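Report on the structure given below.
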Amino acid sequence: MDIWSREKRSYVMSRIRSRNTGPEKKVRSILHKIGYRFRLHAKSLPGQPDIVLPKYKKVVFVHGCFWHLHKGCRDGTIPKTGHEKWKTKLERNIKRDKLHVKNLKKLGWKVLILWECEIEKQIEDIKRKLTTFMKND
């Protein structure tokens with residue numbers, strides 16, 4: 001049973017953004033501080049990656065744990081209410097993510113996926129991951 005009415009739940013879900021989220025802004029800030037310049041949401045690339053570094057042919061996706069079913073994360077679970085509907089939707093997201101990564105790699109792009117829960121709790125680890133990702137060819 002949901003704690004909110006259908007109208008309230010609908011309103012809350014409608015407020016969730018897919019671009020310029022808090023975690024995405026943190027990652028952009030870290031990249032900027034360590035000296036990299038980038039583009040955002042390149043429509044010309046599969047999946048419109050959150051962060052695109054064309055000079056290095058690298059992209060970064062910042063995934064929300066719920067929307068992309070992050071395994072092992074408490075937020076990466078399918079809701080009990082409307083379970084089948086959510087399961088179908090979220091599994092479709094995962095399948096689409098894999099296709100986008102595959103297509104980007106075919107085009108010669110290197111891909112890094114960062115998770116919302118990591119960004120919120122482990123900023124130093126994220127900085128290390130980004131630095132390592134950018135230095136490796």
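By order of appearance in the structure tokens: chains A, B, ..., then residues from 1 within every chain, and ligands from 1 in the order shown.
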
Which residues of stretch 15-94 of chain A sit at most 12 Å from stretch 120-123 of chain A, using only C-alpha atoms? Give each one's shortest atom pair and distance in Å (one decimal place), in chain and ascending residue order, as JSON lines.
```
{"residue": "A:Thr21", "atom": "CA", "partner": "A:Glu120", "partner_atom": "CA", "distance": 11.8}
{"residue": "A:Gly22", "atom": "CA", "partner": "A:Glu120", "partner_atom": "CA", "distance": 9.0}
{"residue": "A:Pro23", "atom": "CA", "partner": "A:Glu120", "partner_atom": "CA", "distance": 6.8}
{"residue": "A:Glu24", "atom": "CA", "partner": "A:Glu120", "partner_atom": "CA", "distance": 10.4}
{"residue": "A:Lys25", "atom": "CA", "partner": "A:Glu120", "partner_atom": "CA", "distance": 11.2}
{"residue": "A:Lys26", "atom": "CA", "partner": "A:Ile123", "partner_atom": "CA", "distance": 8.6}
{"residue": "A:Val27", "atom": "CA", "partner": "A:Ile123", "partner_atom": "CA", "distance": 8.8}
{"residue": "A:Ser29", "atom": "CA", "partner": "A:Ile123", "partner_atom": "CA", "distance": 11.1}
{"residue": "A:Ile30", "atom": "CA", "partner": "A:Ile123", "partner_atom": "CA", "distance": 8.8}
{"residue": "A:Leu31", "atom": "CA", "partner": "A:Ile123", "partner_atom": "CA", "distance": 11.8}
{"residue": "A:Val62", "atom": "CA", "partner": "A:Glu120", "partner_atom": "CA", "distance": 11.6}
{"residue": "A:Gly64", "atom": "CA", "partner": "A:Glu120", "partner_atom": "CA", "distance": 11.1}
{"residue": "A:Cys65", "atom": "CA", "partner": "A:Glu120", "partner_atom": "CA", "distance": 11.4}
```

May I have the selected residues written with C-alpha atoms, as a PDB file, in the first residue's frame?
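The resulting file, selection_29.pdb, is shown below:
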```pdb
ATOM      1  CA  THR A  21      20.167  16.130 -11.390  1.00  0.00           C
ATOM      2  CA  GLY A  22      22.115  16.740  -8.181  1.00  0.00           C
ATOM      3  CA  PRO A  23      24.418  13.736  -8.702  1.00  0.00           C
ATOM      4  CA  GLU A  24      25.041  14.754 -12.314  1.00  0.00           C
ATOM      5  CA  LYS A  25      25.996  18.276 -11.230  1.00  0.00           C
ATOM      6  CA  LYS A  26      28.432  16.861  -8.635  1.00  0.00           C
ATOM      7  CA  VAL A  27      30.163  14.737 -11.270  1.00  0.00           C
ATOM      8  CA  SER A  29      31.856  19.812 -10.853  1.00  0.00           C
ATOM      9  CA  ILE A  30      34.517  17.202 -10.092  1.00  0.00           C
ATOM     10  CA  LEU A  31      35.441  16.856 -13.777  1.00  0.00           C
ATOM     11  CA  VAL A  62      25.094   9.179 -14.223  1.00  0.00           C
ATOM     12  CA  GLY A  64      19.766   6.856 -10.794  1.00  0.00           C
ATOM     13  CA  CYS A  65      19.733   3.672  -8.718  1.00  0.00           C
TER      14      CYS A  65
END
```

Mind the document's chain letters and residue numbers, and return as a list in words the residues of stretch 8-90 of chain A that DSSP labels helix (DSSP H, G or I).
->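 Secondary structure check on stretch 8-90 of chain A, helix (DSSP H, G or I): Lys8, Arg9, Ser10, Tyr11, Val12, Met13, Ser14, Gly22, Pro23, Glu24, Lys25, Lys26, Val27, Arg28, Ser29, Ile30, Leu31, His32, Lys33, His83, Glu84, Lys85, Trp86, Lys87, Thr88, Lys89 and Leu90 of chain A.
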
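For stretch 74-128 of chain A, a DSSP pass over the backbone yields strand (DSSP E) at A:Lys110, A:Val111, A:Leu112, A:Ile113, A:Leu114, A:Trp115.
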
Excluding stretch 93-104 of chain A and residues on its chain fewer than 5 positions from it, collect all residues at most 8 Å away from it, counting only C-alpha atoms, and give them as a PyMOL selection string.
-> chain A and resi 45-47+67-69+109-111

With N, CA and C atoms retained, export the selected residues as a short mmCIF file (atom, residue, chain, number, x, y, z; two decimals), in the first residue's frame.
```
data_model
loop_
_atom_site.label_atom_id
_atom_site.label_comp_id
_atom_site.auth_asym_id
_atom_site.auth_seq_id
_atom_site.Cartn_x
_atom_site.Cartn_y
_atom_site.Cartn_z
N LEU A 45 24.69 11.22 -30.10
CA LEU A 45 25.24 9.95 -29.63
C LEU A 45 24.14 9.04 -29.07
N PRO A 46 24.32 7.73 -29.20
CA PRO A 46 23.34 6.80 -28.64
C PRO A 46 23.16 7.02 -27.14
N GLY A 47 21.92 7.14 -26.71
CA GLY A 47 21.62 7.31 -25.29
C GLY A 47 21.77 8.70 -24.75
N TRP A 67 15.88 4.06 -11.22
CA TRP A 67 15.49 4.02 -12.63
C TRP A 67 16.29 3.03 -13.45
N HIS A 68 17.48 2.67 -12.98
CA HIS A 68 18.34 1.75 -13.73
C HIS A 68 18.63 0.47 -12.94
N LEU A 69 17.85 0.23 -11.88
CA LEU A 69 17.93 -0.97 -11.04
C LEU A 69 19.36 -1.35 -10.66
N TRP A 109 33.77 4.94 -28.65
CA TRP A 109 33.70 5.72 -27.42
C TRP A 109 33.97 4.82 -26.22
N LYS A 110 34.63 5.38 -25.22
CA LYS A 110 34.81 4.70 -23.93
C LYS A 110 33.69 5.20 -23.01
N VAL A 111 33.15 4.28 -22.21
CA VAL A 111 31.96 4.59 -21.40
C VAL A 111 32.23 4.33 -19.93
#
```

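If only C-alpha atoms are the atoms counted, then among A:Leu107, A:Ile3, A:Val12, A:Ile113 the closest residue to A:His63 is A:Ile113.
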
Would you mind reading off the distance between atom CA of A:Gly76 and atom CA of A:Glu118, one decimal, in Å?
-> 12.6 Å

Could you pull the residues within 9 Å of A:Lys129, counting only C-alpha atoms, minus those fewer than 4 positions along the same chain, as a ChimeraX atom specification?
-> /A:112,114,124-125,133-134

For the residues in the current selection, export N, CA and C atoms as a short mmCIF file (atom, residue, chain, number, x, y, z; two decimals), in the first residue's frame.
```cif
data_model
loop_
_atom_site.label_atom_id
_atom_site.label_comp_id
_atom_site.auth_asym_id
_atom_site.auth_seq_id
_atom_site.Cartn_x
_atom_site.Cartn_y
_atom_site.Cartn_z
N LEU A 112 31.82 5.27 -19.08
CA LEU A 112 31.87 5.10 -17.63
C LEU A 112 30.46 5.32 -17.10
N LEU A 114 28.38 5.85 -13.62
CA LEU A 114 28.45 6.16 -12.20
C LEU A 114 27.04 6.08 -11.62
N GLU A 124 35.31 11.00 -2.89
CA GLU A 124 36.74 10.75 -3.19
C GLU A 124 36.89 9.57 -4.13
N ASP A 125 36.09 8.53 -3.94
CA ASP A 125 36.13 7.38 -4.85
C ASP A 125 35.71 7.79 -6.26
N PHE A 133 39.64 6.90 -15.24
CA PHE A 133 38.93 6.77 -16.52
C PHE A 133 39.50 7.73 -17.57
N MET A 134 39.78 8.94 -17.17
CA MET A 134 40.27 9.94 -18.13
C MET A 134 41.72 9.67 -18.53
#
```

Excluding A:Lys135 and residues on its chain fewer than 2 positions from it, collect all residues at most 12 Å away from it, counting only C-alpha atoms, and give them as a PyMOL selection string.
-> chain A and resi 34+36+56+58+110+128-133+137

Quick one: distance from atom CA of A:Phe66 to atom CA of A:Glu7 in Å, one decimal?
->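 Between atom CA of A:Phe66 and atom CA of A:Glu7 the gap works out to 20.7 Å.
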
Atom CA of A:Arg39 to atom CA of A:Val52 measures 5.0 Å

Out of A:His41, A:Glu91, A:Pro49, A:Lys57, which residue has the shortest atom-to-atom distance to A:Asn136 when counting only C-alpha atoms?
->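 The shortest atom-to-atom distance to A:Asn136 comes from A:Lys57.
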